[in-house]
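S.K.: Sharing a structure here in structure tokens format.
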Amino acid sequence: MLTTRQLFLKHLALPSIYPLGIEIERAEGIYMFSPDGKKYIDLVSGVCVNNLGHRHPAIEKAVKDQVEKYMHLMVYGEMIQSPQVKLASKFAEILPSNLNSTYFVNSGSEAVDGALKLAKRYTGRTEMVGFKNSYHGSTHGAFSMLGNEEMKFAYRPLLPDLRFLGFNNFEDLNEITEKSACVLVEPIQAEAGILLPENGFLKALRQRCDETGTLLIFDEIQVGFGRTGKLFCFEHYDVVPDILCLAKAMGGGMPIGAFISDKKIMLSFTNNPEFGHITTFGGHPVSCAAALANLDVLLTEKEIIAQVEEKGLMYEEALKNHPLVKKIRRKGLLMSIELESIESNFAAMKAMLENGLITDPFFFLPNAFRIAPPLIISKEEIEMTIGLMKQVLGSI
């Protein structure tokens with residue numbers, strides 16, 4: 001009889017020939033456990049998904065309670081479902097006034113695709129503007145907006161009428177014109193290795209979009225829900241987008257995404273033609289219940305987000321002067337640890353995995369590894385993981 005590992009390699013379609021390849025039997029908090037009892041510490045939160053850790057009690061209870069009531073009822077937007085209504089209402093309550101209407105989808109890529117369609121429909125324009133070294137997902141539309149030709153050349157032709165600017169390049173903003181339907185931007189470029197916006201760049205971008213009547217879309221799929229030390233990343237920069245894309249940590253471990261805009265903009269999908277954007281499973285009631293519980297915990301247990309900056313600084317201060325560390329980029333508990341070479345980085349990640357630390361590299365900065373642990377990680381656990389990382393780096 002084939003083992004689970006053999007079946008995994010035989011029957012699962014994989015995106016890479018080098019998966020982590022560890023089998024997990026259960027997970028709780030910041031820990032994952034293999035069938036043989038080995039304990040792993042999740043230092044990437046499933047890539048910024050499990051901000052409250054694995055199987056948070058409030059989220060688990062919300063899922064179980066909703067399953068006992070109902071699961072899928074009808075395609076999205078046709079029936080009044082309490083979990084959707086409560087979650088959309090909560091977003092309208094806590095977000096700026098122009099972000100008052102939520103369209104629920106299943107993932108971050110779908111959120112981006114929906115936002116792009118909405119911008120084209122509302123403005124009547126076709127040109128879409130993105131940024132070099134950006135990553136927005138792998139569906140056809142989101143992938144078209146990928147700011148890296150090497151990753152997407154094999155899939156051309158992709159969407160037409162695209163323009164890519166340099167992140168933090170103020171002069172490039174002049175390329176946004178009255179022909180531009182939207183600008184899609186990560187307020188912090190994640191896969192570029194946590195590239196932060198320079199002082200005033202996002203404000204200058206907002207101003208240029210206002211001047212040209214272009215909709216500004218923020219992709220907060222990786223940086224939302226407390227990851228950077230604010231509930232939403234745009235709060236750091238005093239810039240409000242026209243459309244906000246969310247996913248990953250939104251569901252507390254359940255699959256869900258959303259794009260949020262003003263009701264007058266969102267109504268564009270309802271006519272000429274009707275059903276301008278549709279989804280079967282978007283806003284699944286179980287996922288919405290989980291997302292609402294996740295959001296309620298972040299809003300009520302304020303110390304979780306309040307401690308993010310201090311916790312992130314612990315990692316930065318402990319590792320910044322290590323002889324193998326070339327550079328650290330960080331916002332809150334989202335950071336890249338850049339080493340001297342790709343080879344040393346992959347050797348470090350391999351050794352960390354052997355020592356029970358799960359990390360991962362960046363698409364566009366392969367000589368750096370990501371640290372983005374669950375926000376609930378304790379200071380004692382941080383100290384313990386720092387000790388293990390130093391031990392590993394010292395052996396490279």
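Numbering starts fresh at 1 for the residues of each chain in the structure tokens, the chains themselves are lettered A, B, ... in the order given, and ligands are numbered from 1 as they appear.
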Write out as a list in words the residues lying within 12 Å of stretch 151-158 of chain A, counting only C-alpha atoms and excluding same-chain residues fewer than 6 positions away.

M.R.: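 Skipping anything fewer than 6 positions along the chain leaves Asn133, Ser134, Tyr135, Gly137, Ser138, Thr139, His140, Gly141, Ala142, Phe143, Ser144, Met145, Phe363 and Phe364 of chain A.
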
S.K.: Using only C-alpha atoms, which protein or nucleic acid residues come within 6 Å of A:Lys326? Drop anything in the same chain fewer than 5 positions from it, and give the result as a count of residues only.

M.R.: 3

S.K.: Could you check which of A:Leu159, A:Leu196, A:Val129, A:Ala190 is closest to A:Leu215, using only C-alpha atoms?

M.R.: A:Val129

S.K.: Just the residues within 8 Å of A:Pro373, please, counting only C-alpha atoms, with nothing from its chain fewer than 2 positions along; format it as a PyMOL selection string.

M.R.: chain A and resi 30+42-45+48+51+333+371+375+377

S.K.: Could you name the residues that touch A:Lys264 at 10 Å or less, counting only C-alpha atoms, but leaving out those on the same chain fewer than 4 positions away, as a list in words?

M.R.: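 Counting only the stated atoms, we get Asn98, Asn100, Ser101, Tyr122 and Ser268 of chain A.
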
S.K.: Print the selection's residues with N, CA and C atoms to a file, as an mmCIF file, in the first residue's frame.

M.R.:
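out_30.cif, freshly written:
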```cif
data_model
loop_
_atom_site.group_PDB
_atom_site.id
_atom_site.type_symbol
_atom_site.label_atom_id
_atom_site.label_comp_id
_atom_site.auth_asym_id
_atom_site.auth_seq_id
_atom_site.Cartn_x
_atom_site.Cartn_y
_atom_site.Cartn_z
ATOM 1 N N ASN A 98 -16.203 55.715 2.421
ATOM 2 C CA ASN A 98 -16.339 55.352 1.009
ATOM 3 C C ASN A 98 -16.171 53.856 0.759
ATOM 4 N N ASN A 100 -17.988 51.066 1.821
ATOM 5 C CA ASN A 100 -19.219 50.717 2.523
ATOM 6 C C ASN A 100 -19.982 49.554 1.909
ATOM 7 N N SER A 101 -19.442 48.964 0.825
ATOM 8 C CA SER A 101 -20.137 47.882 0.139
ATOM 9 C C SER A 101 -19.149 46.772 -0.169
ATOM 10 N N TYR A 122 -16.886 50.726 -14.139
ATOM 11 C CA TYR A 122 -17.316 52.012 -13.585
ATOM 12 C C TYR A 122 -16.762 53.190 -14.377
ATOM 13 N N SER A 268 -22.367 49.245 -10.376
ATOM 14 C CA SER A 268 -22.043 49.084 -11.798
ATOM 15 C C SER A 268 -22.227 47.653 -12.277
#
```

S.K.: Give the helix (DSSP H, G or I) residues of stretch 171-283 of chain A, as DSSP finds them on the backbone, and put them as number ranges by chain.

M.R.: A: 171-175, 201-212, 233-236, 248-251, 263-270

S.K.: For the selection just defined, write its residues with N, CA and C atoms to a file, as a short mmCIF file (atom, residue, chain, number, x, y, z; two decimals), in the first residue's frame.

M.R.:
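Writing the result to selection02.cif gives the following:
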```
data_model
loop_
_atom_site.label_atom_id
_atom_site.label_comp_id
_atom_site.auth_asym_id
_atom_site.auth_seq_id
_atom_site.Cartn_x
_atom_site.Cartn_y
_atom_site.Cartn_z
N GLU A 171 8.35 59.94 -10.46
CA GLU A 171 8.25 60.42 -11.83
C GLU A 171 7.33 59.53 -12.66
N ASP A 172 7.36 58.23 -12.41
CA ASP A 172 6.53 57.29 -13.16
C ASP A 172 5.03 57.55 -12.97
N LEU A 173 4.66 58.23 -11.90
CA LEU A 173 3.24 58.47 -11.66
C LEU A 173 2.61 59.32 -12.75
N ASN A 174 3.43 60.04 -13.49
CA ASN A 174 2.91 60.85 -14.61
C ASN A 174 2.36 59.97 -15.74
N GLU A 175 2.68 58.68 -15.73
CA GLU A 175 2.17 57.78 -16.75
C GLU A 175 0.73 57.37 -16.49
N PHE A 201 4.94 58.55 -1.02
CA PHE A 201 4.69 57.95 -2.33
C PHE A 201 3.22 57.58 -2.51
N LEU A 202 2.62 56.94 -1.51
CA LEU A 202 1.22 56.54 -1.65
C LEU A 202 0.30 57.76 -1.70
N LYS A 203 0.67 58.82 -0.99
CA LYS A 203 -0.13 60.05 -1.07
C LYS A 203 -0.03 60.68 -2.46
N ALA A 204 1.17 60.66 -3.03
CA ALA A 204 1.35 61.19 -4.38
C ALA A 204 0.57 60.35 -5.39
N LEU A 205 0.54 59.04 -5.17
CA LEU A 205 -0.23 58.14 -6.03
C LEU A 205 -1.72 58.45 -5.92
N ARG A 206 -2.20 58.64 -4.70
CA ARG A 206 -3.60 58.99 -4.48
C ARG A 206 -3.96 60.30 -5.20
N GLN A 207 -3.07 61.28 -5.10
CA GLN A 207 -3.32 62.58 -5.72
C GLN A 207 -3.38 62.45 -7.24
N ARG A 208 -2.46 61.65 -7.81
CA ARG A 208 -2.46 61.50 -9.27
C ARG A 208 -3.72 60.78 -9.75
N CYS A 209 -4.18 59.81 -9.00
CA CYS A 209 -5.42 59.12 -9.36
C CYS A 209 -6.60 60.08 -9.29
N ASP A 210 -6.62 60.94 -8.28
CA ASP A 210 -7.70 61.93 -8.17
C ASP A 210 -7.68 62.89 -9.36
N GLU A 211 -6.49 63.29 -9.77
CA GLU A 211 -6.36 64.24 -10.89
C GLU A 211 -6.86 63.65 -12.20
N THR A 212 -6.71 62.35 -12.38
CA THR A 212 -7.03 61.72 -13.65
C THR A 212 -8.34 60.94 -13.62
N CYS A 233 -3.39 48.02 6.56
CA CYS A 233 -2.09 48.64 6.29
C CYS A 233 -2.22 50.10 5.86
N PHE A 234 -3.29 50.45 5.11
CA PHE A 234 -3.41 51.82 4.61
C PHE A 234 -3.50 52.84 5.74
N GLU A 235 -3.87 52.37 6.96
CA GLU A 235 -3.96 53.28 8.10
C GLU A 235 -2.60 53.88 8.47
N HIS A 236 -1.52 53.21 8.14
CA HIS A 236 -0.19 53.74 8.43
C HIS A 236 0.11 54.99 7.60
N LYS A 248 -6.67 36.04 2.58
CA LYS A 248 -5.71 35.40 3.49
C LYS A 248 -6.19 35.41 4.94
N ALA A 249 -5.71 36.34 5.79
CA ALA A 249 -6.04 36.33 7.21
C ALA A 249 -7.50 36.65 7.49
N MET A 250 -8.22 37.08 6.49
CA MET A 250 -9.62 37.47 6.66
C MET A 250 -10.45 36.35 7.28
N GLY A 251 -10.23 35.11 6.85
CA GLY A 251 -11.07 34.00 7.29
C GLY A 251 -10.54 33.23 8.48
N LYS A 263 -20.87 52.00 -2.54
CA LYS A 263 -22.06 51.38 -3.12
C LYS A 263 -22.33 51.90 -4.54
N LYS A 264 -22.11 53.19 -4.77
CA LYS A 264 -22.39 53.74 -6.10
C LYS A 264 -21.48 53.13 -7.17
N ILE A 265 -20.25 52.76 -6.77
CA ILE A 265 -19.34 52.09 -7.70
C ILE A 265 -19.75 50.64 -7.88
N MET A 266 -20.06 49.97 -6.78
CA MET A 266 -20.40 48.55 -6.83
C MET A 266 -21.68 48.29 -7.62
N LEU A 267 -22.58 49.25 -7.66
CA LEU A 267 -23.82 49.08 -8.42
C LEU A 267 -23.58 48.92 -9.92
N SER A 268 -22.37 49.24 -10.38
CA SER A 268 -22.04 49.08 -11.80
C SER A 268 -22.23 47.65 -12.28
N PHE A 269 -22.10 46.69 -11.37
CA PHE A 269 -22.24 45.29 -11.75
C PHE A 269 -23.70 44.88 -11.97
N THR A 270 -24.65 45.72 -11.59
CA THR A 270 -26.05 45.31 -11.59
C THR A 270 -26.80 45.63 -12.88
#
```

S.K.: With a distance cut-off of 9 Å and only C-alpha atoms, select the neighbouring residues of A:Val112, excluding the residue or stretch itself and same-chain residues fewer than 5 positions from it, and output the selection as a PyMOL selection string.

M.R.: chain A and resi 107+117+136-137+141-142+184+217+219+245-246+258-259

S.K.: Quick one: write out the picked residues with C-alpha atoms as an mmCIF file, in the first residue's frame?

M.R.:
```
data_model
loop_
_atom_site.group_PDB
_atom_site.id
_atom_site.type_symbol
_atom_site.label_atom_id
_atom_site.label_comp_id
_atom_site.auth_asym_id
_atom_site.auth_seq_id
_atom_site.Cartn_x
_atom_site.Cartn_y
_atom_site.Cartn_z
ATOM 1 C CA SER A 107 -9.718 34.066 -2.520
ATOM 2 C CA LYS A 117 -13.528 44.329 -13.635
ATOM 3 C CA HIS A 136 -1.541 39.740 -6.905
ATOM 4 C CA GLY A 137 -2.380 36.070 -7.495
ATOM 5 C CA GLY A 141 -6.559 38.706 -14.514
ATOM 6 C CA ALA A 142 -4.486 38.868 -11.341
ATOM 7 C CA LEU A 184 -3.486 48.314 -8.559
ATOM 8 C CA ILE A 217 -7.054 49.712 -5.721
ATOM 9 C CA ASP A 219 -4.172 44.889 -2.506
ATOM 10 C CA CYS A 245 -8.907 43.837 -1.722
ATOM 11 C CA LEU A 246 -8.752 41.431 1.227
ATOM 12 C CA ALA A 258 -13.485 40.328 -0.633
ATOM 13 C CA PHE A 259 -13.236 43.558 -2.553
#
```
